[in-house]
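J.: Dropping in coords.cif, with mmCIF, C-alpha atoms and all ligand atoms.
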data_run
loop_
_atom_site.label_atom_id
_atom_site.label_comp_id
_atom_site.auth_asym_id
_atom_site.auth_seq_id
_atom_site.Cartn_x
_atom_site.Cartn_y
_atom_site.Cartn_z
CA ASN S 26 0.46 -26.12 -2.60
CA GLY S 27 2.00 -27.26 -5.89
CA ALA S 28 -0.55 -28.86 -8.17
CA LEU S 29 -3.36 -27.11 -6.39
CA GLY S 30 -4.26 -23.89 -8.14
CA GLU S 31 -4.79 -20.65 -6.38
CA ILE S 32 -7.56 -20.38 -3.83
CA TRP S 33 -8.76 -17.53 -1.62
CA ASP S 34 -5.97 -15.92 0.42
CA ASP S 35 -7.40 -15.16 3.87
CA ASN S 36 -5.22 -12.05 4.12
CA MET S 37 -6.90 -10.37 1.16
CA SER S 38 -6.80 -6.63 1.55
CA SER S 39 -8.25 -3.76 -0.46
CA THR S 40 -4.70 -2.93 -1.57
CA MET S 41 -4.80 -6.10 -3.70
CA LEU S 42 -7.77 -4.83 -5.70
CA GLY S 43 -7.59 -3.09 -9.05
CA LYS S 44 -7.46 0.69 -9.06
CA ARG S 45 -11.12 1.26 -9.92
CA LEU S 46 -12.52 -1.17 -7.36
CA ARG S 47 -10.15 0.10 -4.66
CA LYS S 48 -11.55 3.59 -5.18
CA VAL S 49 -15.15 2.35 -4.89
CA VAL S 50 -14.33 0.48 -1.67
CA GLN S 51 -12.60 3.57 -0.25
CA ASN S 52 -15.65 5.68 -1.02
CA TYR S 53 -17.92 3.24 0.80
CA GLN S 54 -15.51 3.12 3.74
CA ALA S 55 -15.75 6.88 4.02
CA MET S 56 -19.48 7.26 3.38
CA ASN S 57 -20.90 5.63 6.50
CA LYS S 58 -24.51 5.85 5.36
CA TYR S 59 -25.76 3.92 8.40
CA GLY S 60 -23.85 5.92 11.00
CA VAL S 61 -21.61 3.09 12.14
CA GLN S 62 -19.69 4.00 15.28
CA TYR S 63 -17.64 1.08 16.38
CA SER S 64 -14.98 1.38 19.02
CA GLY S 65 -13.90 -2.24 19.00
CA SER S 66 -10.45 -2.95 17.67
CA GLU S 67 -11.24 -1.31 14.34
CA GLY S 68 -8.47 -1.89 11.89
CA ALA S 69 -6.03 -2.84 14.63
CA ALA S 70 -3.15 -4.20 12.64
CA GLY S 71 -0.73 -6.43 14.46
CA ARG S 72 -3.35 -7.96 16.75
CA PRO S 73 -2.99 -11.75 16.94
CA LYS S 74 -5.17 -13.47 14.38
CA LEU S 75 -7.75 -15.75 15.93
CA SER S 76 -7.81 -19.43 14.97
CA GLY S 77 -10.75 -20.93 13.08
CA PRO S 78 -12.30 -22.45 16.23
CA GLU S 79 -11.89 -19.14 18.09
CA LEU S 80 -13.65 -17.28 15.28
CA LEU S 81 -16.44 -19.85 15.26
CA CYS S 82 -16.92 -19.32 18.99
CA GLN S 83 -17.09 -15.56 18.52
CA LEU S 84 -19.81 -16.01 15.92
CA LYS S 85 -21.75 -18.44 18.07
CA GLN S 86 -21.55 -16.22 21.16
CA MET S 87 -21.93 -12.79 19.62
CA VAL S 88 -24.29 -13.17 16.68
CA GLN S 89 -27.84 -14.08 17.59
CA VAL S 90 -30.12 -15.02 14.72
CA MET S 91 -33.36 -13.20 15.48
CA THR S 92 -36.46 -12.44 13.43
CA ILE S 93 -39.22 -9.93 13.98
CA THR S 94 -42.18 -11.23 15.98
CA PRO S 95 -45.56 -9.49 16.52
CA ASP S 96 -44.81 -8.75 20.18
CA MET S 97 -41.91 -6.40 19.34
CA GLU S 98 -42.35 -2.63 19.30
CA PRO S 99 -43.35 -0.80 17.19
CA PHE S 100 -44.97 -3.78 15.42
CA SER S 101 -47.04 -4.75 18.45
CA GLY S 102 -49.00 -1.54 18.04
CA LEU S 103 -49.65 -1.93 14.31
CA SER S 104 -52.72 -3.57 12.82
CA TRP S 105 -50.71 -5.75 10.42
CA ALA S 106 -48.50 -7.28 13.15
CA SER S 107 -50.69 -10.40 12.99
CA GLN S 108 -49.21 -11.08 9.54
CA LEU S 109 -45.80 -11.66 11.16
CA PRO S 110 -44.95 -15.24 12.22
CA PRO S 111 -45.78 -15.58 15.92
CA ARG S 112 -42.56 -17.42 16.70
CA PRO S 113 -38.96 -16.72 15.67
CA LEU S 114 -37.45 -18.56 12.69
CA THR S 115 -35.11 -20.59 14.89
CA ALA S 116 -38.06 -21.97 16.86
CA ASP S 117 -40.02 -22.99 13.75
CA VAL S 118 -37.43 -24.24 11.28
CA GLY S 119 -35.01 -27.18 11.52
CA PRO S 120 -32.91 -28.52 13.05
CA PHE S 121 -31.32 -29.97 9.93
CA LYS S 122 -28.34 -32.27 9.54
CA ASN S 123 -26.67 -31.07 6.35
CA CYS S 124 -27.37 -27.75 4.69
CA ALA S 125 -26.23 -26.12 1.48
CA VAL S 126 -25.81 -22.40 1.00
CA VAL S 127 -25.74 -21.61 -2.71
CA SER S 128 -24.05 -18.33 -3.55
CA SER S 129 -25.17 -16.80 -6.82
CA ALA S 130 -21.66 -16.52 -8.23
CA GLY S 131 -21.00 -16.89 -11.95
CA SER S 132 -18.49 -19.63 -11.14
CA LEU S 133 -21.40 -22.00 -10.43
CA LYS S 134 -21.86 -22.17 -14.18
CA SER S 135 -20.76 -25.56 -15.55
CA SER S 136 -20.03 -26.76 -12.02
CA GLY S 137 -22.30 -29.81 -12.29
CA LEU S 138 -22.94 -29.42 -8.54
CA GLY S 139 -26.74 -29.69 -8.79
CA LYS S 140 -27.07 -33.26 -7.48
CA GLU S 141 -24.67 -32.66 -4.63
CA ILE S 142 -26.50 -29.47 -3.61
CA ASP S 143 -29.90 -31.17 -3.73
CA SER S 144 -28.64 -34.04 -1.54
CA HIS S 145 -28.64 -31.70 1.49
CA ASP S 146 -31.55 -31.64 3.96
CA ALA S 147 -31.98 -27.92 3.41
CA VAL S 148 -30.86 -25.60 0.62
CA VAL S 149 -30.65 -21.80 0.87
CA ARG S 150 -30.68 -19.47 -2.12
CA PHE S 151 -30.55 -15.71 -2.47
CA ASN S 152 -32.58 -12.93 -4.00
CA ALA S 153 -33.55 -13.57 -7.63
CA ALA S 154 -31.38 -16.69 -8.13
CA PRO S 155 -33.39 -19.18 -10.22
CA THR S 156 -33.13 -22.98 -10.40
CA ALA S 157 -35.24 -23.53 -13.55
CA GLY S 158 -32.88 -24.05 -16.44
CA PHE S 159 -29.84 -24.27 -14.15
CA GLU S 160 -30.62 -27.52 -12.29
CA LYS S 161 -27.48 -29.32 -13.42
CA ASP S 162 -25.26 -26.69 -11.79
CA VAL S 163 -27.28 -25.40 -8.82
CA GLY S 164 -29.92 -28.08 -8.13
CA SER S 165 -33.66 -27.58 -7.82
CA LYS S 166 -34.41 -27.73 -4.10
CA THR S 167 -35.08 -24.46 -2.28
CA THR S 168 -35.82 -24.72 1.43
CA MET S 169 -35.22 -21.07 2.20
CA ARG S 170 -34.67 -17.88 0.22
CA LEU S 171 -33.06 -14.82 1.72
CA ILE S 172 -34.15 -11.67 -0.07
CA ASN S 173 -33.10 -8.09 0.42
CA SER S 174 -35.54 -5.21 0.53
CA GLN S 175 -34.30 -3.89 -2.80
CA VAL S 176 -35.39 -7.09 -4.54
CA MET S 177 -38.68 -6.95 -2.64
CA ALA S 178 -39.35 -3.38 -3.79
CA ALA S 179 -37.82 -2.99 -7.26
CA GLU S 180 -40.35 -3.04 -10.12
CA ASP S 181 -38.20 -5.23 -12.37
CA HIS S 182 -38.05 -8.10 -9.87
CA HIS S 183 -41.85 -8.61 -9.81
CA PHE S 184 -41.55 -9.84 -6.25
CA LEU S 185 -45.30 -10.04 -5.68
CA SER S 186 -46.11 -12.06 -8.79
CA SER S 187 -42.99 -14.00 -9.85
CA SER S 188 -43.09 -17.75 -9.19
CA LEU S 189 -39.40 -17.50 -8.25
CA TYR S 190 -40.36 -16.50 -4.73
CA SER S 191 -43.45 -18.59 -4.16
CA SER S 192 -41.87 -21.77 -2.76
CA GLY S 193 -39.84 -22.37 0.36
CA ILE S 194 -39.44 -20.21 3.44
CA LEU S 195 -38.81 -16.53 2.75
CA VAL S 196 -36.59 -14.36 4.91
CA GLY S 197 -36.48 -10.66 4.10
CA TRP S 198 -33.96 -8.11 5.34
CA ASP S 199 -33.21 -4.41 5.06
CA PRO S 200 -30.19 -2.43 6.30
CA ALA S 201 -31.01 -0.43 9.43
CA PRO S 202 -29.13 2.51 10.93
CA TYR S 203 -26.30 1.05 13.04
CA SER S 204 -27.38 1.90 16.55
CA SER S 205 -31.09 2.19 15.91
CA ASP S 206 -33.94 0.48 17.65
CA LEU S 207 -36.76 -1.06 15.64
CA ASN S 208 -38.74 2.18 15.84
CA GLU S 209 -36.06 4.20 14.13
CA TRP S 210 -35.57 1.49 11.48
CA TYR S 211 -39.30 1.30 10.85
CA ASN S 212 -39.27 4.95 9.85
CA LYS S 213 -35.98 4.80 7.99
CA THR S 214 -35.74 1.60 5.96
CA ASP S 215 -33.54 1.60 2.85
CA TYR S 216 -36.45 0.26 0.76
CA PRO S 217 -40.15 -0.11 1.65
CA ILE S 218 -39.76 -3.62 3.07
CA PHE S 219 -42.83 -3.47 5.32
CA LYS S 220 -45.21 -2.26 2.63
CA GLN S 221 -44.05 -5.07 0.34
CA TYR S 222 -44.18 -7.60 3.16
CA GLN S 223 -47.83 -6.81 3.88
CA ARG S 224 -48.75 -7.00 0.21
CA TYR S 225 -46.95 -10.29 -0.24
CA ARG S 226 -48.54 -11.83 2.83
CA ARG S 227 -52.00 -10.95 1.57
CA LEU S 228 -51.26 -12.67 -1.75
CA HIS S 229 -49.46 -15.70 -0.25
CA PRO S 230 -50.82 -16.12 3.28
CA GLN S 231 -49.72 -19.77 3.55
CA GLN S 232 -46.04 -19.28 2.74
CA PRO S 233 -43.75 -18.82 5.76
CA PHE S 234 -42.15 -15.38 5.59
CA TYR S 235 -39.84 -13.98 8.26
CA ILE S 236 -38.14 -10.61 8.59
CA LEU S 237 -34.60 -10.66 9.91
CA HIS S 238 -33.94 -8.50 12.97
CA PRO S 239 -31.50 -5.82 11.76
CA ARG S 240 -29.37 -6.37 14.84
CA VAL S 241 -28.12 -9.58 13.21
CA GLU S 242 -26.51 -7.64 10.35
CA TRP S 243 -24.55 -5.37 12.62
CA GLN S 244 -23.55 -8.06 15.12
CA LEU S 245 -22.09 -9.96 12.20
CA TRP S 246 -20.48 -6.81 10.80
CA GLU S 247 -18.69 -6.27 14.12
CA ARG S 248 -17.27 -9.80 14.03
CA ILE S 249 -15.84 -9.11 10.58
CA GLN S 250 -14.37 -5.72 11.49
CA ASP S 251 -12.95 -6.99 14.77
CA ASN S 252 -10.97 -9.65 12.95
CA MET S 253 -9.57 -7.60 10.08
CA ALA S 254 -6.42 -5.52 10.07
CA GLU S 255 -7.97 -2.58 8.21
CA PRO S 256 -11.25 -0.65 8.29
CA ILE S 257 -13.95 -2.44 6.31
CA GLN S 258 -16.93 -0.93 4.46
CA LYS S 259 -19.44 0.42 6.98
CA ASN S 260 -22.29 -1.41 5.26
CA PRO S 261 -24.10 -4.62 6.21
CA PRO S 262 -22.58 -7.99 5.24
CA SER S 263 -23.74 -9.66 2.04
CA SER S 264 -26.78 -11.93 1.91
CA GLY S 265 -24.44 -14.86 1.37
CA LEU S 266 -22.77 -14.52 4.76
CA MET S 267 -26.02 -13.75 6.55
CA GLY S 268 -27.66 -16.84 5.05
CA THR S 269 -24.68 -18.88 6.19
CA VAL S 270 -24.93 -17.68 9.79
CA ILE S 271 -28.69 -18.34 9.76
CA MET S 272 -27.99 -21.92 8.62
CA MET S 273 -25.20 -22.39 11.17
CA SER S 274 -27.86 -21.86 13.81
CA LEU S 275 -30.23 -24.40 12.19
CA CYS S 276 -27.90 -27.13 10.85
CA GLU S 277 -25.21 -29.53 12.04
CA VAL S 278 -23.05 -28.99 8.96
CA VAL S 279 -23.17 -26.15 6.46
CA HIS S 280 -21.65 -26.37 2.98
CA MET S 281 -21.25 -23.05 1.18
CA TYR S 282 -20.91 -23.26 -2.59
CA GLU S 283 -18.84 -20.79 -4.62
CA PHE S 284 -18.63 -18.18 -1.89
CA LEU S 285 -14.88 -18.75 -2.01
CA PRO S 286 -14.26 -19.05 -5.76
CA SER S 287 -13.23 -22.43 -7.17
CA ARG S 288 -11.02 -23.11 -10.18
CA ARG S 289 -14.01 -21.84 -12.20
CA LYS S 290 -13.45 -18.33 -10.79
CA THR S 291 -14.83 -15.78 -13.22
CA GLU S 292 -15.80 -12.12 -13.40
CA LEU S 293 -19.30 -13.20 -14.42
CA CYS S 294 -21.42 -11.71 -11.65
CA HIS S 295 -24.27 -14.25 -11.37
CA TYR S 296 -24.65 -17.72 -12.88
CA TYR S 297 -28.04 -16.62 -14.23
CA GLN S 298 -27.12 -13.30 -15.88
CA ARG S 299 -24.81 -12.15 -18.66
CA PHE S 300 -23.18 -9.40 -16.68
CA SER S 301 -19.55 -9.25 -15.56
CA ASP S 302 -18.02 -7.22 -12.75
CA ALA S 303 -15.27 -8.28 -10.36
CA ALA S 304 -17.06 -6.30 -7.63
CA CYS S 305 -19.70 -9.05 -7.42
CA THR S 306 -17.08 -11.49 -6.10
CA LEU S 307 -14.78 -9.03 -4.31
CA GLY S 308 -17.36 -6.61 -2.94
CA ALA S 309 -18.03 -2.90 -3.35
CA TYR S 310 -20.97 -1.95 -1.14
CA HIS S 311 -20.69 -5.07 1.04
CA PRO S 312 -17.49 -5.90 2.97
CA LEU S 313 -17.43 -9.09 0.90
CA LEU S 314 -13.64 -9.34 0.63
CA TYR S 315 -13.39 -9.45 4.42
CA GLU S 316 -16.33 -11.82 4.75
CA LYS S 317 -14.40 -14.21 2.54
CA ASN S 318 -11.25 -13.86 4.65
CA LEU S 319 -13.30 -14.76 7.73
CA VAL S 320 -14.96 -17.75 6.04
CA LYS S 321 -11.61 -19.02 4.74
CA ARG S 322 -10.24 -18.93 8.30
CA MET S 323 -13.24 -20.83 9.67
CA ASN S 324 -13.35 -23.44 6.91
CA GLN S 325 -13.06 -27.00 8.22
CA GLY S 326 -12.92 -28.62 4.80
CA LEU S 327 -9.94 -29.13 2.52
CA ASP S 328 -8.39 -26.40 0.39
CA ARG S 329 -8.77 -28.85 -2.47
CA ASP S 330 -12.55 -28.85 -2.00
CA ILE S 331 -12.57 -25.09 -2.40
CA TYR S 332 -10.51 -25.38 -5.54
CA THR S 333 -12.48 -28.22 -7.13
CA TYR S 334 -16.04 -27.69 -5.87
CA GLY S 335 -16.02 -24.16 -4.49
CA ARG S 336 -17.08 -25.87 -1.27
CA VAL S 337 -16.47 -24.61 2.27
CA THR S 338 -17.48 -26.69 5.31
CA LEU S 339 -18.64 -24.97 8.49
CA PRO S 340 -19.92 -26.60 11.69
CA GLY S 341 -23.37 -25.76 13.05
CA PHE S 342 -23.41 -23.83 16.34
CA SER S 343 -25.07 -26.73 18.15
CA THR S 344 -22.13 -29.04 17.42
CA PHE S 345 -19.39 -27.25 19.37
CA ASN S 346 -18.93 -25.81 22.86
CA CYS S 347 -17.03 -22.66 23.65
O1 LIG S 401 -25.87 -10.81 -5.73
P1 LIG S 401 -26.58 -11.50 -4.61
O2 LIG S 401 -26.43 -10.76 -3.28
O3 LIG S 401 -28.00 -11.81 -4.89
O4 LIG S 401 -25.84 -12.90 -4.43
C1 LIG S 401 -26.04 -13.71 -3.31
C2 LIG S 401 -24.75 -13.86 -2.52
O5 LIG S 401 -23.81 -14.68 -3.22
C3 LIG S 401 -24.01 -12.56 -2.31
O6 LIG S 401 -24.59 -11.86 -1.21
C4 LIG S 401 -22.59 -13.02 -2.05
O7 LIG S 401 -22.45 -13.43 -0.72
C5 LIG S 401 -22.49 -14.23 -2.98
N1 LIG S 401 -21.85 -13.92 -4.27
C6 LIG S 401 -20.47 -14.05 -4.42
N2 LIG S 401 -19.87 -13.80 -5.62
C7 LIG S 401 -20.59 -13.44 -6.70
C8 LIG S 401 -22.00 -13.28 -6.58
C9 LIG S 401 -22.60 -13.53 -5.35
O8 LIG S 401 -19.79 -14.38 -3.44
N3 LIG S 401 -19.98 -13.24 -7.88
#
Can the structure in the file be given as structure tokens, please?
Ligand code: C5P
T.:
Amino acid sequence: NGALGEIWDDNMSSTMLGKRLRKVVQNYQAMNKYGVQYSGSEGAAGRPKLSGPELLCQLKQMVQVMTITPDMEPFSGLSWASQLPPRPLTADVGPFKNCAVVSSAGSLKSSGLGKEIDSHDAVVRFNAAPTAGFEKDVGSKTTMRLINSQVMAAEDHHFLSSSLYSSGILVGWDPAPYSSDLNEWYNKTDYPIFKQYQRYRRLHPQQPFYILHPRVEWQLWERIQDNMAEPIQKNPPSSGLMGTVIMMSLCEVVHMYEFLPSRRKTELCHYYQRFSDAACTLGAYHPLLYEKNLVKRMNQGLDRDIYTYGRVTLPGFSTFNC
């Protein structure tokens, strides 16, 4: 690749991590908090690697973007079910032509990508990632914000009152036990997502707010594990990858920014915080390293665009047949 600097190697493995991080990843691999039991081709080394188009087809066919609707049990029997959107996200939102998924990586700092990001028909951001004060690098448009239940519940995020969350479509998610139905999840959420959801809806009844069906997380997890040569963390994929798959089902073209690090690669965790940890980019709890391998294999853009802009190009599900 000569003049082109180093970009993400799609064969990244936990053995390439530093000692400390490797240990953390190993611990998560062993912990299995969500009771994952997967008998696919887990860690089957030597299996032929699928091509980008084959991986895209797997995603399209095996990951179904679903949200919770009031007709689903146990919600149908609960008084607050009427606060849930009557129709699924995919029926209400889009379709869009071009979409931008903005990771929260520190390498967005000084990227100057704001205008490019804002030029998309829809822009997705994550958790507590702000635009105010960072417009030049990350833009100012927010069509959708994917938030995890920890952000929804933690005191210091002020989820109910902060203006950070009050524009755009909200999509909340919480890790469910692997093989659970909605009933089991309802009684065993990681954080009190439903309590916070009800409170938020009362305060902001006009803002669209969906809850992701936890099946999506694990369907996506299986696609990652199935295509890696080693066992991955038995935890849900990161928000970044989930937001990308959501947008692939709503958009013709999806651009992800700084999910695969550009030449600005840094240990700075988030562009909006002064905190550094390589785990933010390489993953500890989330199987982020493997998510990035998968995304690198599916990328339809140039390696140079990753290097210069941190930009990956993925086709929307509606644009290809399998
Ligand atoms: O940290 P948080 O989950 O809010 O960040 C949003 C997403 O951006 C992550 O889920 C991950 O996919 C991506 N990210 C990254 N590298 C970082 C920070 C975030 O790839 N350093």
J.: Could you tell me how far CA of Asn346 in chain S lies from CA of Asp330 in chain S, in Å and to one decimal?
T.: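 These atoms are spaced 25.8 Å apart.
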J.: Mind listing the residues within 10 Å of ligand LIG 401 (chain S), all atoms listed in the file counted, as a PyMOL selection string?
T.: chain S and resi 126-133+150-154+171-173+176+262-269+281-286+290-296+301-308+311-314+316-317
J.: Give me the residues near Val149 in chain S as an mmCIF file with C-alpha atoms, keeping the file's coordinate frame, where near means some atom within 6 Å (using only C-alpha atoms) and where sequence neighbours in that chain fewer than 3 positions away do not count.
T.:
data_model
loop_
_atom_site.group_PDB
_atom_site.id
_atom_site.type_symbol
_atom_site.label_atom_id
_atom_site.label_comp_id
_atom_site.auth_asym_id
_atom_site.auth_seq_id
_atom_site.Cartn_x
_atom_site.Cartn_y
_atom_site.Cartn_z
ATOM 1 C CA VAL S 126 -25.810 -22.400 1.000
ATOM 2 C CA THR S 168 -35.820 -24.720 1.430
ATOM 3 C CA MET S 169 -35.220 -21.070 2.200
ATOM 4 C CA ARG S 170 -34.670 -17.880 0.220
#
J.: Can you write out as JSON lines which residues of range 202-273 of chain S fall within 9 Å of range 28-51 of chain S, alongside each residue's closest atom pair and its distance in Å to one decimal, counting all atoms listed in the file and ordering rows by chain and ascending residue number?
T.:
{"residue": "S:Met253", "atom": "CA", "partner": "S:Asn36", "partner_atom": "CA", "distance": 8.6}
{"residue": "S:Ala254", "atom": "CA", "partner": "S:Ser38", "partner_atom": "CA", "distance": 8.6}
{"residue": "S:Glu255", "atom": "CA", "partner": "S:Ser38", "partner_atom": "CA", "distance": 7.9}
{"residue": "S:Ile257", "atom": "CA", "partner": "S:Val50", "partner_atom": "CA", "distance": 8.5}
{"residue": "S:Gln258", "atom": "CA", "partner": "S:Val50", "partner_atom": "CA", "distance": 6.8}
J.: Quick check, in Å to one decimal: how far apart do CA of Gly77 in chain S and CA of Met272 in chain S lie?
T.: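 Between CA of Gly77 in chain S and CA of Met272 in chain S the gap works out to 17.8 Å.
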J.: Go through S:Gln232, S:Ser274, S:Gln325, S:Ser204 one by one, measure the shortest atom-to-atom distance of each to Gly119 in chain S using only C-alpha atoms, and give the residue with the smallest value.
T.: S:Ser274
J.: Enclose range 281-288 of chain S, meaning all of its atoms listed in the file, in a box aligned along x, y and z, pad it by 8 Å on each side, and list the centre and edge lengths in Å to one decimal, as JSON.
T.:
{"center_x": -16.1, "center_y": -20.7, "center_z": -4.5, "size_x": 26.2, "size_y": 21.1, "size_z": 27.4}
J.: Please indicate the distance in Å from CA of Cys347 in chain S to CA of Cys82 in chain S, rounded to one decimal place.
T.: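 Going from CA of Cys347 in chain S over to CA of Cys82 in chain S covers 5.7 Å.
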J.: Which residues of range 126-196 of chain S sit at most 8 Å from range 212-220 of chain S, using all atoms listed in the file? Give each one's shortest atom pair and distance in Å (one decimal place), in chain and ascending residue order, as a tab-separated table.
T.:
residue	atom	partner	partner_atom	distance
S:Ser174	CA	S:Ile218	CA	5.2
S:Gln175	CA	S:Tyr216	CA	5.9
S:Met177	CA	S:Ile218	CA	6.7
S:Ala178	CA	S:Pro217	CA	6.4
J.: Can you tell me, as an MDAnalysis selection string, what residues are no more than 12 Å from Leu75 in chain S when counting all atoms listed in the file, ignoring any on the same chain fewer than 4 positions away?
T.: chainID S and resid 71 79:83 248:249 251:254 318:319 322:323
J.: Restrict the calculation to all atoms listed in the file, then for each residue of range 215-290 of chain S with any atom at most 6 Å from an atom of range 92-115 of chain S give the closest atom pair and their distance in Å to one decimal, rows by chain and rising residue number, as a tab-separated table.
T.:
residue	atom	partner	partner_atom	distance
S:Ile236	CA	S:Thr92	CA	5.4
S:Leu237	CA	S:Thr92	CA	4.4
S:His238	CA	S:Thr92	CA	4.7
J.: Skip Ser144 in chain S itself and residues of its chain fewer than 3 positions away, then list as a list in words all residues within 12 Å of it, counting all atoms listed in the file.
T.: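 My list of contacting residues is Lys122, Asn123, Cys124, Ala125, Leu138, Gly139, Lys140, Glu141, Ala147, Val148, Val163, Gly164, Ser165, Lys166, Thr167 and His280 of chain S.
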J.: When distances are computed from all atoms listed in the file, which of S:Tyr310, S:Trp210, S:Tyr235, S:Tyr225 shows the smallest separation from Gly197 in chain S?
T.: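 Selected residue with least distance to Gly197 in chain S: S:Tyr235.
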J.: Using only C-alpha atoms, which residue out of S:Tyr334, S:Tyr63, S:Tyr211, S:Tyr203 lies closest to Lys134 in chain S?
T.: S:Tyr334
J.: Output requested as a PDB file, keeping the file's coordinate frame - range 75-91 of chain S, filled out with N, CA, C and O atoms.
T.:
ATOM      1  N   LEU S  75      -7.080 -14.642  15.247  1.00  0.00           N
ATOM      2  CA  LEU S  75      -7.750 -15.750  15.930  1.00  0.00           C
ATOM      3  C   LEU S  75      -7.736 -16.997  15.046  1.00  0.00           C
ATOM      4  O   LEU S  75      -7.741 -16.908  13.826  1.00  0.00           O
ATOM      5  N   SER S  76      -7.740 -18.157  15.691  1.00  0.00           N
ATOM      6  CA  SER S  76      -7.810 -19.430  14.970  1.00  0.00           C
ATOM      7  C   SER S  76      -9.241 -19.640  14.469  1.00  0.00           C
ATOM      8  O   SER S  76     -10.176 -18.965  14.924  1.00  0.00           O
ATOM      9  N   GLY S  77      -9.417 -20.601  13.579  1.00  0.00           N
ATOM     10  CA  GLY S  77     -10.750 -20.930  13.080  1.00  0.00           C
ATOM     11  C   GLY S  77     -11.730 -21.224  14.205  1.00  0.00           C
ATOM     12  O   GLY S  77     -12.804 -20.609  14.275  1.00  0.00           O
ATOM     13  N   PRO S  78     -11.383 -22.149  15.131  1.00  0.00           N
ATOM     14  CA  PRO S  78     -12.300 -22.450  16.230  1.00  0.00           C
ATOM     15  C   PRO S  78     -12.609 -21.234  17.112  1.00  0.00           C
ATOM     16  O   PRO S  78     -13.741 -21.081  17.583  1.00  0.00           O
ATOM     17  N   GLU S  79     -11.633 -20.353  17.304  1.00  0.00           N
ATOM     18  CA  GLU S  79     -11.890 -19.140  18.090  1.00  0.00           C
ATOM     19  C   GLU S  79     -12.869 -18.224  17.373  1.00  0.00           C
ATOM     20  O   GLU S  79     -13.763 -17.630  17.998  1.00  0.00           O
ATOM     21  N   LEU S  80     -12.718 -18.109  16.060  1.00  0.00           N
ATOM     22  CA  LEU S  80     -13.650 -17.280  15.280  1.00  0.00           C
ATOM     23  C   LEU S  80     -15.057 -17.870  15.327  1.00  0.00           C
ATOM     24  O   LEU S  80     -16.046 -17.148  15.469  1.00  0.00           O
ATOM     25  N   LEU S  81     -15.131 -19.192  15.209  1.00  0.00           N
ATOM     26  CA  LEU S  81     -16.440 -19.850  15.260  1.00  0.00           C
ATOM     27  C   LEU S  81     -17.121 -19.573  16.594  1.00  0.00           C
ATOM     28  O   LEU S  81     -18.327 -19.314  16.654  1.00  0.00           O
ATOM     29  N   CYS S  82     -16.356 -19.607  17.668  1.00  0.00           N
ATOM     30  CA  CYS S  82     -16.920 -19.320  18.990  1.00  0.00           C
ATOM     31  C   CYS S  82     -17.415 -17.888  19.087  1.00  0.00           C
ATOM     32  O   CYS S  82     -18.478 -17.637  19.644  1.00  0.00           O
ATOM     33  N   GLN S  83     -16.643 -16.961  18.528  1.00  0.00           N
ATOM     34  CA  GLN S  83     -17.090 -15.560  18.520  1.00  0.00           C
ATOM     35  C   GLN S  83     -18.433 -15.440  17.817  1.00  0.00           C
ATOM     36  O   GLN S  83     -19.345 -14.776  18.300  1.00  0.00           O
ATOM     37  N   LEU S  84     -18.552 -16.081  16.661  1.00  0.00           N
ATOM     38  CA  LEU S  84     -19.810 -16.010  15.920  1.00  0.00           C
ATOM     39  C   LEU S  84     -20.948 -16.577  16.745  1.00  0.00           C
ATOM     40  O   LEU S  84     -22.016 -15.984  16.883  1.00  0.00           O
ATOM     41  N   LYS S  85     -20.701 -17.767  17.303  1.00  0.00           N
ATOM     42  CA  LYS S  85     -21.750 -18.440  18.070  1.00  0.00           C
ATOM     43  C   LYS S  85     -22.189 -17.585  19.263  1.00  0.00           C
ATOM     44  O   LYS S  85     -23.376 -17.496  19.571  1.00  0.00           O
ATOM     45  N   GLN S  86     -21.227 -16.949  19.934  1.00  0.00           N
ATOM     46  CA  GLN S  86     -21.550 -16.220  21.160  1.00  0.00           C
ATOM     47  C   GLN S  86     -22.044 -14.806  20.906  1.00  0.00           C
ATOM     48  O   GLN S  86     -22.769 -14.243  21.717  1.00  0.00           O
ATOM     49  N   MET S  87     -21.651 -14.215  19.788  1.00  0.00           N
ATOM     50  CA  MET S  87     -21.930 -12.790  19.620  1.00  0.00           C
ATOM     51  C   MET S  87     -22.901 -12.450  18.492  1.00  0.00           C
ATOM     52  O   MET S  87     -23.282 -11.292  18.342  1.00  0.00           O
ATOM     53  N   VAL S  88     -23.286 -13.426  17.709  1.00  0.00           N
ATOM     54  CA  VAL S  88     -24.290 -13.170  16.680  1.00  0.00           C
ATOM     55  C   VAL S  88     -25.512 -14.032  16.985  1.00  0.00           C
ATOM     56  O   VAL S  88     -25.420 -15.256  17.022  1.00  0.00           O
ATOM     57  N   GLN S  89     -26.623 -13.368  17.250  1.00  0.00           N
ATOM     58  CA  GLN S  89     -27.840 -14.080  17.590  1.00  0.00           C
ATOM     59  C   GLN S  89     -28.836 -13.953  16.444  1.00  0.00           C
ATOM     60  O   GLN S  89     -29.293 -12.844  16.151  1.00  0.00           O
ATOM     61  N   VAL S  90     -29.166 -15.065  15.830  1.00  0.00           N
ATOM     62  CA  VAL S  90     -30.120 -15.020  14.720  1.00  0.00           C
ATOM     63  C   VAL S  90     -31.530 -14.768  15.264  1.00  0.00           C
ATOM     64  O   VAL S  90     -32.092 -15.600  15.958  1.00  0.00           O
ATOM     65  N   MET S  91     -32.035 -13.585  14.988  1.00  0.00           N
ATOM     66  CA  MET S  91     -33.360 -13.200  15.480  1.00  0.00           C
ATOM     67  C   MET S  91     -34.225 -12.724  14.329  1.00  0.00           C
ATOM     68  O   MET S  91     -33.718 -12.110  13.389  1.00  0.00           O
TER      69      MET S  91
END
